[in-house]
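Enquirer: Sharing a structure, written as structure tokens. Questions coming.
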Amino acid sequence: MAFQKITEQNSLHENLDKKSVHDLLSEMNEEDMKVPLAVSKALPQIEELVEKIVERMKRGGRIFYLGAGTSGRLGVLDASEIPPTFGMPPHLVVGLIAGGDHALRNPVENAEDDMERGWQELTEHNINQNDTVIGIAASGTTPYVIGALRNARANGILTASVSCNPNSPIAQEAEIKIEAIVGPEFVTGSTRLKSGTAQKLVLNMITTITMIKLGRVKGNKMVNMQLSNAKLVDRGARMIVEELGIDYEQAKNILLIHGSVKKAVDAFKLQNKK
């Protein structure tokens with residue numbers, strides 16, 4: 001059976017340019033409601049991937065995302081949020097986008113068509129068998145991603161694909177195939193819409209659950225978050241008040257001394273054991 005791009009099929013909604021804002025919003029919202037259901041069908045594959053990532057990261061492994069355009073930007077976004085949210089070093093989850101950082105804001109002509117560049121970038125990061133390479137492509141056909149996955153897998157590295165078409169070329173190159181089939185886009189072919197939302201949900205799941213299993217969350221709290229602004233200092237102080245039953249100012253003081261909720265709580269408990 002020939003590969004078919006559902007993501008390129010005609011929108012189920014006609015004459016968008018003639019509709020009212022109300023109708024456009026309602027119909028777009030109707031399409032967006034299909035995304036969580038599509039992601040739920042991929043939960044077994046996401047679970048398998050997270051289990052294997054956790055095992056590897058406990059041995060010092062890293063996660064590498066690769067993508068182009070919207071898919072690449074989503075990978076970079078997810079990776080960039082791990083240090084402030086979970087207090088992890090920035091080199092442990094890395095987002096690579098075809099065309100480099102310039103492509104985050106500007107299209108880079110032909111960057112995604114280079115079959116070798118993705119693997120070259122991975123080797124520049126000294127990729128090894130404790131690492132995981134996750135290729136992201138709504139269409140499932142991006143050469144930059146295909147080449148990276150093919151070479152990574154050939155070198156014994158865990159690979160996964162995140163796409164929105166079934167049986168895509170990137171899925172053929174990956175050990176674990178995550179497919180969120182969201183159907184045709186509201187605006188025909190605009191995969192920054194449902195496909196992008198589905199990919200964001202999948203990436204959220206992969207890194208969040210991985211960080212929880214690595215001990216970066218206690219209960220349901222981000223106890224290792226970076227204290228990069230007043231809002232987060234306040235949130236951290238309130239976590240300490242809840243955990244230790246001390247007053248707010250004392251909690252805030254020990255938080256600022258120790259730099260994270262976890263370290264502050266551990267230090268307080270140790271001191272009060274003596």
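By convention in this document, the chains of the structure tokens carry letters A, B, ... by their order, each chain's residues are numbered from 1, and ligands are numbered from 1 in the order they are shown.
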Write out, as CSV, each residue of stretch 32-135 of chain A that has an atom at most 7 Å from stretch 211-230 of chain A, together with the closest pair of atoms and their distance in Å to one decimal, counting only C-alpha atoms, rows going by chain and rising number.

Expert:
```
residue,atom,partner,partner_atom,distance
A:Val54,CA,A:Leu214,CA,6.9
A:Pro84,CA,A:Gln226,CA,4.8
A:Thr85,CA,A:Met225,CA,4.6
A:Phe86,CA,A:Met225,CA,4.8
A:Gly87,CA,A:Asn224,CA,5.0
```

Enquirer: If we count only C-alpha atoms and set the cut-off at 12 Å, which residues sit around stretch 76-82 of chain A, ignoring sequence neighbours fewer than 5 positions away in its own chain? Please answer as a PyMOL selection string.

Expert: chain A and resi 62-71+87-98+100-101+103-105+134+136+199-212+216+222+224-226

Enquirer: Counting only C-alpha atoms, figure out which residue out of A:Ile176, A:Ile246, A:Val187, A:Ala138 gets nearest to A:Cys164.

Expert: A:Ala138

Enquirer: Quick one: residues within 12 Å of A:Leu244, only C-alpha atoms, excluding same-chain residues fewer than 3 positions away - as a PDB file with C-alpha atoms, in the first residue's frame?

Expert:
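Contents of around12.pdb, as written:
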```pdb
ATOM      1  CA  ALA A 237       8.180  29.214  49.692  1.00  0.00           C
ATOM      2  CA  ARG A 238       4.546  28.105  49.822  1.00  0.00           C
ATOM      3  CA  MET A 239       5.598  24.524  49.035  1.00  0.00           C
ATOM      4  CA  ILE A 240       7.979  24.625  52.000  1.00  0.00           C
ATOM      5  CA  VAL A 241       5.302  26.057  54.294  1.00  0.00           C
ATOM      6  CA  ASP A 247       5.938  30.435  58.600  1.00  0.00           C
ATOM      7  CA  TYR A 248       6.223  31.962  55.135  1.00  0.00           C
ATOM      8  CA  GLN A 250      11.261  31.497  57.330  1.00  0.00           C
ATOM      9  CA  ALA A 251      10.383  29.261  54.386  1.00  0.00           C
ATOM     10  CA  ILE A 254      15.781  28.925  53.704  1.00  0.00           C
ATOM     11  CA  VAL A 261      12.622  23.438  47.535  1.00  0.00           C
ATOM     12  CA  LYS A 262      14.105  19.968  47.813  1.00  0.00           C
ATOM     13  CA  ALA A 264      15.776  23.548  51.566  1.00  0.00           C
ATOM     14  CA  VAL A 265      13.437  20.888  52.954  1.00  0.00           C
ATOM     15  CA  ASP A 266      16.225  18.309  53.237  1.00  0.00           C
ATOM     16  CA  ALA A 267      18.529  20.786  55.017  1.00  0.00           C
ATOM     17  CA  PHE A 268      15.795  21.871  57.442  1.00  0.00           C
ATOM     18  CA  LYS A 269      14.929  18.275  58.343  1.00  0.00           C
ATOM     19  CA  ASN A 272      16.174  19.630  63.198  1.00  0.00           C
TER      20      ASN A 272
END
```

Enquirer: Point out the residue among A:Leu158, A:Ala137, A:Ile127, A:Leu74 with the least atom-to-atom distance to A:Ala180, counting only C-alpha atoms.

Expert: A:Ala137

Enquirer: Running DSSP on the backbone, which parts of stretch 39-216 of chain A land in strand (DSSP E), as a list in words?

Expert: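 Answer for stretch 39-216 of chain A restricted to strand (DSSP E) is Ile63, Phe64, Tyr65, Leu66, Gly67, Val93, Val94, Gly95, Leu96, Ile97, Thr132, Val133, Ile134, Gly135, Ile136, Leu158, Thr159, Ala160, Ser161, Val162, Ser163, Ile176, Lys177, Ile178 and Glu179 of chain A.
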
Enquirer: Got time to write the residues from that selection, C-alpha atoms, as a compact mmCIF listing (two decimals), in the first residue's frame?

Expert:
```
# COMPACT_ATOMS: atom_id res chain seq x y z
CA ILE A 63 17.31 12.72 25.00
CA PHE A 64 17.81 14.26 21.57
CA TYR A 65 14.85 15.66 19.63
CA LEU A 66 15.22 16.27 15.90
CA GLY A 67 12.75 18.01 13.63
CA VAL A 93 17.45 17.04 26.89
CA VAL A 94 18.58 18.62 23.62
CA GLY A 95 16.44 19.95 20.79
CA LEU A 96 17.96 20.07 17.31
CA ILE A 97 16.19 21.83 14.45
CA THR A 132 17.75 8.31 22.92
CA VAL A 133 16.98 9.96 19.58
CA ILE A 134 13.39 11.07 18.96
CA GLY A 135 12.53 12.19 15.44
CA ILE A 136 9.55 14.53 15.14
CA LEU A 158 17.34 3.83 21.00
CA THR A 159 15.17 5.61 18.42
CA ALA A 160 11.58 6.78 18.38
CA SER A 161 9.43 8.69 15.91
CA VAL A 162 6.54 11.09 16.54
CA SER A 163 4.36 11.59 13.48
CA ILE A 176 9.36 2.81 18.72
CA LYS A 177 6.70 4.39 16.51
CA ILE A 178 4.40 6.99 18.08
CA GLU A 179 1.61 7.92 15.68
```

Enquirer: When DSSP works through the backbone of this structure, what residues of stretch 22-257 of chain A end up as alpha helix (DSSP H), shown as a ChimeraX atom specification?

Expert: /A:22-32,34-40,43-57,69-86,117-124,143-154,169-173,194-213,230-244,248-257

Enquirer: Just to confirm, what's the straight-line distance from atom CA of A:Lys41 to atom CA of A:Arg192 in Å (one decimal)?

Expert: 20.5 Å

Enquirer: Report, in Å with one decimal, the straight-line distance from atom CA of A:Leu122 to atom CA of A:Leu193.

Expert: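 That distance, rounded to one decimal, is 28.4 Å.
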
Enquirer: What is the atom CA of A:Asp17 to atom CA of A:Thr188 distance in Å?

Expert: 12.9 Å

Enquirer: Could you list, as a short mmCIF file (atom, residue, chain, number, x, y, z; two decimals) with C-alpha atoms, in the first residue's frame, every residue within 10 Å of A:Asn130, counting only C-alpha atoms and ignoring same-chain residues fewer than 5 positions away?

Expert:
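Listing of selection18.cif after writing:
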```cif
data_model
loop_
_atom_site.label_atom_id
_atom_site.label_comp_id
_atom_site.auth_asym_id
_atom_site.auth_seq_id
_atom_site.Cartn_x
_atom_site.Cartn_y
_atom_site.Cartn_z
CA LYS A 52 13.44 2.75 28.13
CA ILE A 53 14.47 6.41 28.41
CA GLU A 55 16.57 3.22 32.26
CA ARG A 56 19.10 4.93 30.00
CA MET A 57 19.07 8.30 31.76
CA LYS A 58 19.84 6.58 35.05
CA ARG A 59 23.05 5.47 33.34
CA GLY A 60 23.83 9.03 32.22
CA GLY A 61 21.93 9.03 28.93
CA ARG A 62 20.33 11.99 27.20
CA ILE A 63 17.31 12.72 25.00
CA GLY A 156 22.64 0.73 18.52
CA ILE A 157 20.98 3.88 19.87
CA LEU A 158 17.34 3.83 21.00
#
```
